[in-house]
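final_22.cif (mmCIF, N, CA and C atoms) appears below.
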```cif
data_run
#
loop_
_atom_site.group_PDB
_atom_site.id
_atom_site.type_symbol
_atom_site.label_atom_id
_atom_site.label_comp_id
_atom_site.auth_asym_id
_atom_site.auth_seq_id
_atom_site.Cartn_x
_atom_site.Cartn_y
_atom_site.Cartn_z
ATOM 1 N N MET A 5 -34.676 3.699 25.424
ATOM 2 C CA MET A 5 -34.882 2.280 25.310
ATOM 3 C C MET A 5 -33.535 1.567 25.476
ATOM 4 N N VAL A 6 -33.522 0.512 26.231
ATOM 5 C CA VAL A 6 -32.306 -0.243 26.498
ATOM 6 C C VAL A 6 -32.095 -1.273 25.393
ATOM 7 N N GLU A 7 -30.865 -1.318 24.883
ATOM 8 C CA GLU A 7 -30.514 -2.310 23.874
ATOM 9 C C GLU A 7 -29.512 -3.282 24.467
ATOM 10 N N TYR A 8 -29.616 -4.534 24.047
ATOM 11 C CA TYR A 8 -28.740 -5.581 24.553
ATOM 12 C C TYR A 8 -28.026 -6.275 23.404
ATOM 13 N N THR A 9 -26.870 -6.820 23.711
ATOM 14 C CA THR A 9 -26.179 -7.730 22.817
ATOM 15 C C THR A 9 -26.220 -9.102 23.490
ATOM 16 N N TYR A 10 -26.301 -10.158 22.705
ATOM 17 C CA TYR A 10 -26.515 -11.501 23.238
ATOM 18 C C TYR A 10 -25.361 -12.418 22.890
ATOM 19 N N LEU A 11 -25.120 -13.373 23.773
ATOM 20 C CA LEU A 11 -24.118 -14.411 23.577
ATOM 21 C C LEU A 11 -24.779 -15.742 23.912
ATOM 22 N N VAL A 12 -24.703 -16.693 22.990
ATOM 23 C CA VAL A 12 -25.322 -18.005 23.201
ATOM 24 C C VAL A 12 -24.216 -19.036 23.375
ATOM 25 N N LEU A 13 -24.302 -19.783 24.468
ATOM 26 C CA LEU A 13 -23.362 -20.856 24.750
ATOM 27 C C LEU A 13 -24.110 -22.185 24.693
ATOM 28 N N GLN A 14 -23.522 -23.176 24.042
ATOM 29 C CA GLN A 14 -24.108 -24.517 23.995
ATOM 30 C C GLN A 14 -23.135 -25.446 24.716
ATOM 31 N N LEU A 15 -23.601 -26.036 25.800
ATOM 32 C CA LEU A 15 -22.767 -26.967 26.557
ATOM 33 C C LEU A 15 -23.241 -28.389 26.274
ATOM 34 N N PRO A 16 -22.321 -29.300 26.013
ATOM 35 C CA PRO A 16 -22.710 -30.675 25.685
ATOM 36 C C PRO A 16 -23.240 -31.422 26.899
ATOM 37 N N ARG A 17 -23.921 -32.514 26.633
ATOM 38 C CA ARG A 17 -24.423 -33.333 27.735
ATOM 39 C C ARG A 17 -23.235 -33.883 28.503
ATOM 40 N N GLY A 18 -23.463 -34.111 29.760
ATOM 41 C CA GLY A 18 -22.374 -34.566 30.617
ATOM 42 C C GLY A 18 -21.675 -33.422 31.320
ATOM 43 N N THR A 19 -21.971 -32.188 30.920
ATOM 44 C CA THR A 19 -21.412 -31.028 31.607
ATOM 45 C C THR A 19 -22.129 -30.894 32.940
ATOM 46 N N THR A 20 -21.369 -30.855 34.001
ATOM 47 C CA THR A 20 -21.985 -30.791 35.321
ATOM 48 C C THR A 20 -22.522 -29.394 35.600
ATOM 49 N N ARG A 21 -23.383 -29.320 36.577
ATOM 50 C CA ARG A 21 -23.966 -28.043 36.985
ATOM 51 C C ARG A 21 -22.883 -27.094 37.496
ATOM 52 N N ASP A 22 -21.892 -27.632 38.211
ATOM 53 C CA ASP A 22 -20.812 -26.797 38.733
ATOM 54 C C ASP A 22 -19.964 -26.191 37.618
ATOM 55 N N VAL A 23 -19.688 -26.963 36.585
ATOM 56 C CA VAL A 23 -18.908 -26.444 35.452
ATOM 57 C C VAL A 23 -19.694 -25.373 34.719
ATOM 58 N N ALA A 24 -20.991 -25.603 34.509
ATOM 59 C CA ALA A 24 -21.832 -24.594 33.848
ATOM 60 C C ALA A 24 -21.881 -23.317 34.676
ATOM 61 N N ARG A 25 -21.983 -23.444 35.995
ATOM 62 C CA ARG A 25 -22.003 -22.282 36.874
ATOM 63 C C ARG A 25 -20.681 -21.530 36.798
ATOM 64 N N GLN A 26 -19.574 -22.249 36.747
ATOM 65 C CA GLN A 26 -18.262 -21.627 36.673
ATOM 66 C C GLN A 26 -18.093 -20.851 35.361
ATOM 67 N N ILE A 27 -18.552 -21.422 34.256
ATOM 68 C CA ILE A 27 -18.459 -20.746 32.958
ATOM 69 C C ILE A 27 -19.279 -19.454 32.975
ATOM 70 N N MET A 28 -20.504 -19.536 33.508
ATOM 71 C CA MET A 28 -21.351 -18.341 33.562
ATOM 72 C C MET A 28 -20.777 -17.291 34.507
ATOM 73 N N THR A 29 -20.178 -17.724 35.613
ATOM 74 C CA THR A 29 -19.577 -16.788 36.560
ATOM 75 C C THR A 29 -18.414 -16.048 35.930
ATOM 76 N N GLU A 30 -17.577 -16.741 35.181
ATOM 77 C CA GLU A 30 -16.444 -16.092 34.517
ATOM 78 C C GLU A 30 -16.917 -15.073 33.489
ATOM 79 N N HIS A 31 -17.954 -15.400 32.725
ATOM 80 C CA HIS A 31 -18.486 -14.448 31.751
ATOM 81 C C HIS A 31 -19.078 -13.229 32.456
ATOM 82 N N ALA A 32 -19.721 -13.452 33.593
ATOM 83 C CA ALA A 32 -20.337 -12.343 34.324
ATOM 84 C C ALA A 32 -19.278 -11.431 34.939
ATOM 85 N N GLU A 33 -18.249 -12.007 35.538
ATOM 86 C CA GLU A 33 -17.232 -11.209 36.215
ATOM 87 C C GLU A 33 -16.340 -10.452 35.245
ATOM 88 N N TYR A 34 -15.897 -11.105 34.192
ATOM 89 C CA TYR A 34 -14.908 -10.498 33.309
ATOM 90 C C TYR A 34 -15.494 -9.854 32.065
ATOM 91 N N GLY A 35 -16.706 -10.239 31.683
ATOM 92 C CA GLY A 35 -17.287 -9.687 30.466
ATOM 93 C C GLY A 35 -18.499 -8.815 30.693
ATOM 94 N N GLY A 36 -19.014 -8.798 31.912
ATOM 95 C CA GLY A 36 -20.188 -7.982 32.200
ATOM 96 C C GLY A 36 -21.490 -8.592 31.710
ATOM 97 N N TRP A 37 -21.519 -9.903 31.489
ATOM 98 C CA TRP A 37 -22.711 -10.575 30.990
ATOM 99 C C TRP A 37 -23.638 -10.944 32.140
ATOM 100 N N GLU A 38 -24.934 -11.007 31.858
ATOM 101 C CA GLU A 38 -25.910 -11.487 32.832
ATOM 102 C C GLU A 38 -26.761 -12.564 32.166
ATOM 103 N N LEU A 39 -27.320 -13.443 32.974
ATOM 104 C CA LEU A 39 -28.099 -14.553 32.452
ATOM 105 C C LEU A 39 -29.445 -14.060 31.937
ATOM 106 N N ASP A 40 -29.749 -14.391 30.686
ATOM 107 C CA ASP A 40 -31.047 -14.060 30.107
ATOM 108 C C ASP A 40 -31.970 -15.270 30.168
ATOM 109 N N ARG A 41 -31.498 -16.409 29.683
ATOM 110 C CA ARG A 41 -32.266 -17.646 29.814
ATOM 111 C C ARG A 41 -31.348 -18.849 29.712
ATOM 112 N N LEU A 42 -31.786 -19.907 30.348
ATOM 113 C CA LEU A 42 -31.041 -21.161 30.349
ATOM 114 C C LEU A 42 -32.025 -22.276 30.065
ATOM 115 N N ARG A 43 -31.664 -23.155 29.154
ATOM 116 C CA ARG A 43 -32.540 -24.266 28.811
ATOM 117 C C ARG A 43 -31.770 -25.557 28.953
ATOM 118 N N LEU A 44 -32.326 -26.479 29.698
ATOM 119 C CA LEU A 44 -31.754 -27.807 29.860
ATOM 120 C C LEU A 44 -32.589 -28.768 29.024
ATOM 121 N N TYR A 45 -31.959 -29.392 28.034
ATOM 122 C CA TYR A 45 -32.661 -30.287 27.129
ATOM 123 C C TYR A 45 -32.738 -31.693 27.715
ATOM 124 N N PRO A 46 -33.692 -32.506 27.239
ATOM 125 C CA PRO A 46 -33.860 -33.870 27.770
ATOM 126 C C PRO A 46 -32.609 -34.750 27.615
ATOM 127 N N ASP A 47 -31.785 -34.471 26.613
ATOM 128 C CA ASP A 47 -30.571 -35.277 26.434
ATOM 129 C C ASP A 47 -29.439 -34.851 27.361
ATOM 130 N N GLY A 48 -29.649 -33.790 28.148
ATOM 131 C CA GLY A 48 -28.654 -33.341 29.117
ATOM 132 C C GLY A 48 -27.824 -32.161 28.657
ATOM 133 N N SER A 49 -27.954 -31.737 27.403
ATOM 134 C CA SER A 49 -27.206 -30.573 26.937
ATOM 135 C C SER A 49 -27.888 -29.298 27.434
ATOM 136 N N ARG A 50 -27.107 -28.223 27.477
ATOM 137 C CA ARG A 50 -27.620 -26.946 27.958
ATOM 138 C C ARG A 50 -27.418 -25.870 26.901
ATOM 139 N N ARG A 51 -28.365 -24.959 26.820
ATOM 140 C CA ARG A 51 -28.253 -23.772 25.962
ATOM 141 C C ARG A 51 -28.406 -22.574 26.883
ATOM 142 N N ILE A 52 -27.353 -21.771 26.966
ATOM 143 C CA ILE A 52 -27.325 -20.625 27.860
ATOM 144 C C ILE A 52 -27.288 -19.364 27.020
ATOM 145 N N GLN A 53 -28.195 -18.440 27.290
ATOM 146 C CA GLN A 53 -28.225 -17.164 26.592
ATOM 147 C C GLN A 53 -27.892 -16.068 27.593
ATOM 148 N N LEU A 54 -26.800 -15.360 27.323
ATOM 149 C CA LEU A 54 -26.355 -14.264 28.176
ATOM 150 C C LEU A 54 -26.593 -12.956 27.451
ATOM 151 N N ARG A 55 -26.732 -11.871 28.210
ATOM 152 C CA ARG A 55 -26.921 -10.562 27.588
ATOM 153 C C ARG A 55 -26.150 -9.514 28.367
ATOM 154 N N ARG A 56 -25.834 -8.405 27.684
ATOM 155 C CA ARG A 56 -25.277 -7.228 28.340
ATOM 156 C C ARG A 56 -25.755 -5.991 27.617
ATOM 157 N N LYS A 57 -25.840 -4.906 28.350
ATOM 158 C CA LYS A 57 -26.370 -3.664 27.799
ATOM 159 C C LYS A 57 -25.382 -3.051 26.827
ATOM 160 N N ILE A 58 -25.928 -2.459 25.778
ATOM 161 C CA ILE A 58 -25.131 -1.658 24.858
ATOM 162 C C ILE A 58 -25.258 -0.228 25.355
ATOM 163 N N ILE A 59 -24.141 0.362 25.710
ATOM 164 C CA ILE A 59 -24.143 1.725 26.216
ATOM 165 C C ILE A 59 -23.749 2.666 25.078
ATOM 166 N N ARG A 60 -24.688 3.454 24.663
ATOM 167 C CA ARG A 60 -24.438 4.422 23.595
ATOM 168 C C ARG A 60 -24.071 5.758 24.207
ATOM 169 N N GLN A 61 -23.044 6.355 23.707
ATOM 170 C CA GLN A 61 -22.645 7.661 24.205
ATOM 171 C C GLN A 61 -23.290 8.744 23.346
ATOM 172 N N THR A 62 -23.760 9.754 24.004
ATOM 173 C CA THR A 62 -24.341 10.886 23.282
ATOM 174 C C THR A 62 -23.413 12.084 23.433
ATOM 175 N N ARG A 63 -23.387 12.891 22.437
ATOM 176 C CA ARG A 63 -22.550 14.080 22.474
ATOM 177 C C ARG A 63 -23.175 15.148 23.329
ATOM 178 N N THR A 64 -22.349 15.750 24.126
ATOM 179 C CA THR A 64 -22.800 16.896 24.910
ATOM 180 C C THR A 64 -21.846 18.044 24.648
ATOM 181 N N PHE A 65 -22.374 19.102 24.148
ATOM 182 C CA PHE A 65 -21.538 20.273 23.834
ATOM 183 C C PHE A 65 -21.813 21.360 24.811
#
```

Entire entry expressed as structure tokens:
Amino acid sequence: MVEYTYLVLQLPRGTTRDVARQIMTEHAEYGGWELDRLRLYPDGSRRIQLRRKIIRQTRTF
């Protein structure tokens, strides 16, 4: 079973689409995060949920 760790980002209203894309791109490139869900609220703020796999190592003897 795959396990994930999550990171939630809240961007204030007035944040442009390009800035939000740049923030998500940096997290994806340098942190290994992928987009899980993005919500745009009526007031213009955004809630971005990113996830990445938890890799568990197993012992092999």

Result set, the PyMOL selection byres (((chain A and resi 7 and name CA) around 7) and name CA) on current file, as an MDAnalysis selection string = chainID A and resid 5:6 8 57:58

Restrict the selected residues to N, CA and C atoms and save them as a PDB file, in the frame of the given file.
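Output below, filename out-v3.pdb:
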```pdb
ATOM      1  N   MET A   5     -34.676   3.699  25.424  1.00  0.00           N
ATOM      2  CA  MET A   5     -34.882   2.280  25.310  1.00  0.00           C
ATOM      3  C   MET A   5     -33.535   1.567  25.476  1.00  0.00           C
ATOM      4  N   VAL A   6     -33.522   0.512  26.231  1.00  0.00           N
ATOM      5  CA  VAL A   6     -32.306  -0.243  26.498  1.00  0.00           C
ATOM      6  C   VAL A   6     -32.095  -1.273  25.393  1.00  0.00           C
ATOM      7  N   TYR A   8     -29.616  -4.534  24.047  1.00  0.00           N
ATOM      8  CA  TYR A   8     -28.740  -5.581  24.553  1.00  0.00           C
ATOM      9  C   TYR A   8     -28.026  -6.275  23.404  1.00  0.00           C
ATOM     10  N   LYS A  57     -25.840  -4.906  28.350  1.00  0.00           N
ATOM     11  CA  LYS A  57     -26.370  -3.664  27.799  1.00  0.00           C
ATOM     12  C   LYS A  57     -25.382  -3.051  26.827  1.00  0.00           C
ATOM     13  N   ILE A  58     -25.928  -2.459  25.778  1.00  0.00           N
ATOM     14  CA  ILE A  58     -25.131  -1.658  24.858  1.00  0.00           C
ATOM     15  C   ILE A  58     -25.258  -0.228  25.355  1.00  0.00           C
TER      16      ILE A  58
END
```

Smallest atom-to-atom distance to A:Gly18: which of A:Arg55, A:Thr64, A:Glu33, A:Asp47, using only N, CA and C atoms?
->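 That would be A:Asp47, the residue with the smallest distance to A:Gly18.
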
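Taking atom C of A:Arg21 as the reference point, atom C of A:Arg56 is found at 23.5 Å.
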
If you run DSSP on the backbone, which residues of chain A are alpha helix (DSSP H), as a list in words?
->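 Reading the DSSP output for chain A, alpha helix (DSSP H) covers Arg21, Asp22, Val23, Ala24, Arg25, Gln26, Ile27, Met28, Thr29, Glu30, His31, Ala32, Glu33, Tyr34 and Gly35 of chain A.
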
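Secondary structure by DSSP on the backbone puts the following residues of chain A in strand (DSSP E): Glu7, Tyr8, Thr9, Tyr10, Leu11, Val12, Leu13, Gln14, Leu15, Glu38, Leu39, Asp40, Arg41, Leu42, Arg43, Leu44, Arg50, Arg51, Ile52, Gln53, Leu54, Arg55, Arg56, Lys57 and Ile58 of chain A.
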
Could the residues in this selection be saved with N, CA and C atoms as a tab-separated table (two decimals), in the frame of the given file?
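Okay, this is what ended up in part.tsv:
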```
chain	number	residue	atom	x	y	z
A	7	GLU	N	-30.86	-1.32	24.88
A	7	GLU	CA	-30.51	-2.31	23.87
A	7	GLU	C	-29.51	-3.28	24.47
A	8	TYR	N	-29.62	-4.53	24.05
A	8	TYR	CA	-28.74	-5.58	24.55
A	8	TYR	C	-28.03	-6.28	23.40
A	9	THR	N	-26.87	-6.82	23.71
A	9	THR	CA	-26.18	-7.73	22.82
A	9	THR	C	-26.22	-9.10	23.49
A	10	TYR	N	-26.30	-10.16	22.70
A	10	TYR	CA	-26.52	-11.50	23.24
A	10	TYR	C	-25.36	-12.42	22.89
A	11	LEU	N	-25.12	-13.37	23.77
A	11	LEU	CA	-24.12	-14.41	23.58
A	11	LEU	C	-24.78	-15.74	23.91
A	12	VAL	N	-24.70	-16.69	22.99
A	12	VAL	CA	-25.32	-18.00	23.20
A	12	VAL	C	-24.22	-19.04	23.38
A	13	LEU	N	-24.30	-19.78	24.47
A	13	LEU	CA	-23.36	-20.86	24.75
A	13	LEU	C	-24.11	-22.18	24.69
A	14	GLN	N	-23.52	-23.18	24.04
A	14	GLN	CA	-24.11	-24.52	24.00
A	14	GLN	C	-23.14	-25.45	24.72
A	15	LEU	N	-23.60	-26.04	25.80
A	15	LEU	CA	-22.77	-26.97	26.56
A	15	LEU	C	-23.24	-28.39	26.27
A	38	GLU	N	-24.93	-11.01	31.86
A	38	GLU	CA	-25.91	-11.49	32.83
A	38	GLU	C	-26.76	-12.56	32.17
A	39	LEU	N	-27.32	-13.44	32.97
A	39	LEU	CA	-28.10	-14.55	32.45
A	39	LEU	C	-29.44	-14.06	31.94
A	40	ASP	N	-29.75	-14.39	30.69
A	40	ASP	CA	-31.05	-14.06	30.11
A	40	ASP	C	-31.97	-15.27	30.17
A	41	ARG	N	-31.50	-16.41	29.68
A	41	ARG	CA	-32.27	-17.65	29.81
A	41	ARG	C	-31.35	-18.85	29.71
A	42	LEU	N	-31.79	-19.91	30.35
A	42	LEU	CA	-31.04	-21.16	30.35
A	42	LEU	C	-32.02	-22.28	30.06
A	43	ARG	N	-31.66	-23.16	29.15
A	43	ARG	CA	-32.54	-24.27	28.81
A	43	ARG	C	-31.77	-25.56	28.95
A	44	LEU	N	-32.33	-26.48	29.70
A	44	LEU	CA	-31.75	-27.81	29.86
A	44	LEU	C	-32.59	-28.77	29.02
A	50	ARG	N	-27.11	-28.22	27.48
A	50	ARG	CA	-27.62	-26.95	27.96
A	50	ARG	C	-27.42	-25.87	26.90
A	51	ARG	N	-28.36	-24.96	26.82
A	51	ARG	CA	-28.25	-23.77	25.96
A	51	ARG	C	-28.41	-22.57	26.88
A	52	ILE	N	-27.35	-21.77	26.97
A	52	ILE	CA	-27.32	-20.62	27.86
A	52	ILE	C	-27.29	-19.36	27.02
A	53	GLN	N	-28.20	-18.44	27.29
A	53	GLN	CA	-28.22	-17.16	26.59
A	53	GLN	C	-27.89	-16.07	27.59
A	54	LEU	N	-26.80	-15.36	27.32
A	54	LEU	CA	-26.36	-14.26	28.18
A	54	LEU	C	-26.59	-12.96	27.45
A	55	ARG	N	-26.73	-11.87	28.21
A	55	ARG	CA	-26.92	-10.56	27.59
A	55	ARG	C	-26.15	-9.51	28.37
A	56	ARG	N	-25.83	-8.40	27.68
A	56	ARG	CA	-25.28	-7.23	28.34
A	56	ARG	C	-25.76	-5.99	27.62
A	57	LYS	N	-25.84	-4.91	28.35
A	57	LYS	CA	-26.37	-3.66	27.80
A	57	LYS	C	-25.38	-3.05	26.83
A	58	ILE	N	-25.93	-2.46	25.78
A	58	ILE	CA	-25.13	-1.66	24.86
A	58	ILE	C	-25.26	-0.23	25.36
```

Kindly indicate which residue among A:Arg60, A:Arg50, A:Trp37, A:Phe65 lies nearest to A:Thr19, using only C-alpha atoms for the distances.
->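 Among the listed residues, the smallest separation from A:Thr19 belongs to A:Arg50.
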
The PyMOL selection byres (((chain A and resi 28 and name CA) around 12) and name CA) on the file shown: which residues, as a PDB file with N, CA and C atoms, in the frame of the given file?
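Final output, saved to part-v7.pdb:
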```pdb
ATOM      1  N   LEU A  11     -25.120 -13.373  23.773  1.00  0.00           N
ATOM      2  CA  LEU A  11     -24.118 -14.411  23.577  1.00  0.00           C
ATOM      3  C   LEU A  11     -24.779 -15.742  23.912  1.00  0.00           C
ATOM      4  N   VAL A  12     -24.703 -16.693  22.990  1.00  0.00           N
ATOM      5  CA  VAL A  12     -25.322 -18.005  23.201  1.00  0.00           C
ATOM      6  C   VAL A  12     -24.216 -19.036  23.375  1.00  0.00           C
ATOM      7  N   LEU A  13     -24.302 -19.783  24.468  1.00  0.00           N
ATOM      8  CA  LEU A  13     -23.362 -20.856  24.750  1.00  0.00           C
ATOM      9  C   LEU A  13     -24.110 -22.185  24.693  1.00  0.00           C
ATOM     10  N   GLN A  14     -23.522 -23.176  24.042  1.00  0.00           N
ATOM     11  CA  GLN A  14     -24.108 -24.517  23.995  1.00  0.00           C
ATOM     12  C   GLN A  14     -23.135 -25.446  24.716  1.00  0.00           C
ATOM     13  N   LEU A  15     -23.601 -26.036  25.800  1.00  0.00           N
ATOM     14  CA  LEU A  15     -22.767 -26.967  26.557  1.00  0.00           C
ATOM     15  C   LEU A  15     -23.241 -28.389  26.274  1.00  0.00           C
ATOM     16  N   ARG A  21     -23.383 -29.320  36.577  1.00  0.00           N
ATOM     17  CA  ARG A  21     -23.966 -28.043  36.985  1.00  0.00           C
ATOM     18  C   ARG A  21     -22.883 -27.094  37.496  1.00  0.00           C
ATOM     19  N   ASP A  22     -21.892 -27.632  38.211  1.00  0.00           N
ATOM     20  CA  ASP A  22     -20.812 -26.797  38.733  1.00  0.00           C
ATOM     21  C   ASP A  22     -19.964 -26.191  37.618  1.00  0.00           C
ATOM     22  N   VAL A  23     -19.688 -26.963  36.585  1.00  0.00           N
ATOM     23  CA  VAL A  23     -18.908 -26.444  35.452  1.00  0.00           C
ATOM     24  C   VAL A  23     -19.694 -25.373  34.719  1.00  0.00           C
ATOM     25  N   ALA A  24     -20.991 -25.603  34.509  1.00  0.00           N
ATOM     26  CA  ALA A  24     -21.832 -24.594  33.848  1.00  0.00           C
ATOM     27  C   ALA A  24     -21.881 -23.317  34.676  1.00  0.00           C
ATOM     28  N   ARG A  25     -21.983 -23.444  35.995  1.00  0.00           N
ATOM     29  CA  ARG A  25     -22.003 -22.282  36.874  1.00  0.00           C
ATOM     30  C   ARG A  25     -20.681 -21.530  36.798  1.00  0.00           C
ATOM     31  N   GLN A  26     -19.574 -22.249  36.747  1.00  0.00           N
ATOM     32  CA  GLN A  26     -18.262 -21.627  36.673  1.00  0.00           C
ATOM     33  C   GLN A  26     -18.093 -20.851  35.361  1.00  0.00           C
ATOM     34  N   ILE A  27     -18.552 -21.422  34.256  1.00  0.00           N
ATOM     35  CA  ILE A  27     -18.459 -20.746  32.958  1.00  0.00           C
ATOM     36  C   ILE A  27     -19.279 -19.454  32.975  1.00  0.00           C
ATOM     37  N   THR A  29     -20.178 -17.724  35.613  1.00  0.00           N
ATOM     38  CA  THR A  29     -19.577 -16.788  36.560  1.00  0.00           C
ATOM     39  C   THR A  29     -18.414 -16.048  35.930  1.00  0.00           C
ATOM     40  N   GLU A  30     -17.577 -16.741  35.181  1.00  0.00           N
ATOM     41  CA  GLU A  30     -16.444 -16.092  34.517  1.00  0.00           C
ATOM     42  C   GLU A  30     -16.917 -15.073  33.489  1.00  0.00           C
ATOM     43  N   HIS A  31     -17.954 -15.400  32.725  1.00  0.00           N
ATOM     44  CA  HIS A  31     -18.486 -14.448  31.751  1.00  0.00           C
ATOM     45  C   HIS A  31     -19.078 -13.229  32.456  1.00  0.00           C
ATOM     46  N   ALA A  32     -19.721 -13.452  33.593  1.00  0.00           N
ATOM     47  CA  ALA A  32     -20.337 -12.343  34.324  1.00  0.00           C
ATOM     48  C   ALA A  32     -19.278 -11.431  34.939  1.00  0.00           C
ATOM     49  N   GLU A  33     -18.249 -12.007  35.538  1.00  0.00           N
ATOM     50  CA  GLU A  33     -17.232 -11.209  36.215  1.00  0.00           C
ATOM     51  C   GLU A  33     -16.340 -10.452  35.245  1.00  0.00           C
ATOM     52  N   TYR A  34     -15.897 -11.105  34.192  1.00  0.00           N
ATOM     53  CA  TYR A  34     -14.908 -10.498  33.309  1.00  0.00           C
ATOM     54  C   TYR A  34     -15.494  -9.854  32.065  1.00  0.00           C
ATOM     55  N   GLY A  35     -16.706 -10.239  31.683  1.00  0.00           N
ATOM     56  CA  GLY A  35     -17.287  -9.687  30.466  1.00  0.00           C
ATOM     57  C   GLY A  35     -18.499  -8.815  30.693  1.00  0.00           C
ATOM     58  N   GLY A  36     -19.014  -8.798  31.912  1.00  0.00           N
ATOM     59  CA  GLY A  36     -20.188  -7.982  32.200  1.00  0.00           C
ATOM     60  C   GLY A  36     -21.490  -8.592  31.710  1.00  0.00           C
ATOM     61  N   TRP A  37     -21.519  -9.903  31.489  1.00  0.00           N
ATOM     62  CA  TRP A  37     -22.711 -10.575  30.990  1.00  0.00           C
ATOM     63  C   TRP A  37     -23.638 -10.944  32.140  1.00  0.00           C
ATOM     64  N   GLU A  38     -24.934 -11.007  31.858  1.00  0.00           N
ATOM     65  CA  GLU A  38     -25.910 -11.487  32.832  1.00  0.00           C
ATOM     66  C   GLU A  38     -26.761 -12.564  32.166  1.00  0.00           C
ATOM     67  N   LEU A  39     -27.320 -13.443  32.974  1.00  0.00           N
ATOM     68  CA  LEU A  39     -28.099 -14.553  32.452  1.00  0.00           C
ATOM     69  C   LEU A  39     -29.445 -14.060  31.937  1.00  0.00           C
ATOM     70  N   ASP A  40     -29.749 -14.391  30.686  1.00  0.00           N
ATOM     71  CA  ASP A  40     -31.047 -14.060  30.107  1.00  0.00           C
ATOM     72  C   ASP A  40     -31.970 -15.270  30.168  1.00  0.00           C
ATOM     73  N   ARG A  41     -31.498 -16.409  29.683  1.00  0.00           N
ATOM     74  CA  ARG A  41     -32.266 -17.646  29.814  1.00  0.00           C
ATOM     75  C   ARG A  41     -31.348 -18.849  29.712  1.00  0.00           C
ATOM     76  N   LEU A  42     -31.786 -19.907  30.348  1.00  0.00           N
ATOM     77  CA  LEU A  42     -31.041 -21.161  30.349  1.00  0.00           C
ATOM     78  C   LEU A  42     -32.025 -22.276  30.065  1.00  0.00           C
ATOM     79  N   ARG A  51     -28.365 -24.959  26.820  1.00  0.00           N
ATOM     80  CA  ARG A  51     -28.253 -23.772  25.962  1.00  0.00           C
ATOM     81  C   ARG A  51     -28.406 -22.574  26.883  1.00  0.00           C
ATOM     82  N   ILE A  52     -27.353 -21.771  26.966  1.00  0.00           N
ATOM     83  CA  ILE A  52     -27.325 -20.625  27.860  1.00  0.00           C
ATOM     84  C   ILE A  52     -27.288 -19.364  27.020  1.00  0.00           C
ATOM     85  N   GLN A  53     -28.195 -18.440  27.290  1.00  0.00           N
ATOM     86  CA  GLN A  53     -28.225 -17.164  26.592  1.00  0.00           C
ATOM     87  C   GLN A  53     -27.892 -16.068  27.593  1.00  0.00           C
ATOM     88  N   LEU A  54     -26.800 -15.360  27.323  1.00  0.00           N
ATOM     89  CA  LEU A  54     -26.355 -14.264  28.176  1.00  0.00           C
ATOM     90  C   LEU A  54     -26.593 -12.956  27.451  1.00  0.00           C
ATOM     91  N   ARG A  55     -26.732 -11.871  28.210  1.00  0.00           N
ATOM     92  CA  ARG A  55     -26.921 -10.562  27.588  1.00  0.00           C
ATOM     93  C   ARG A  55     -26.150  -9.514  28.367  1.00  0.00           C
TER      94      ARG A  55
END
```
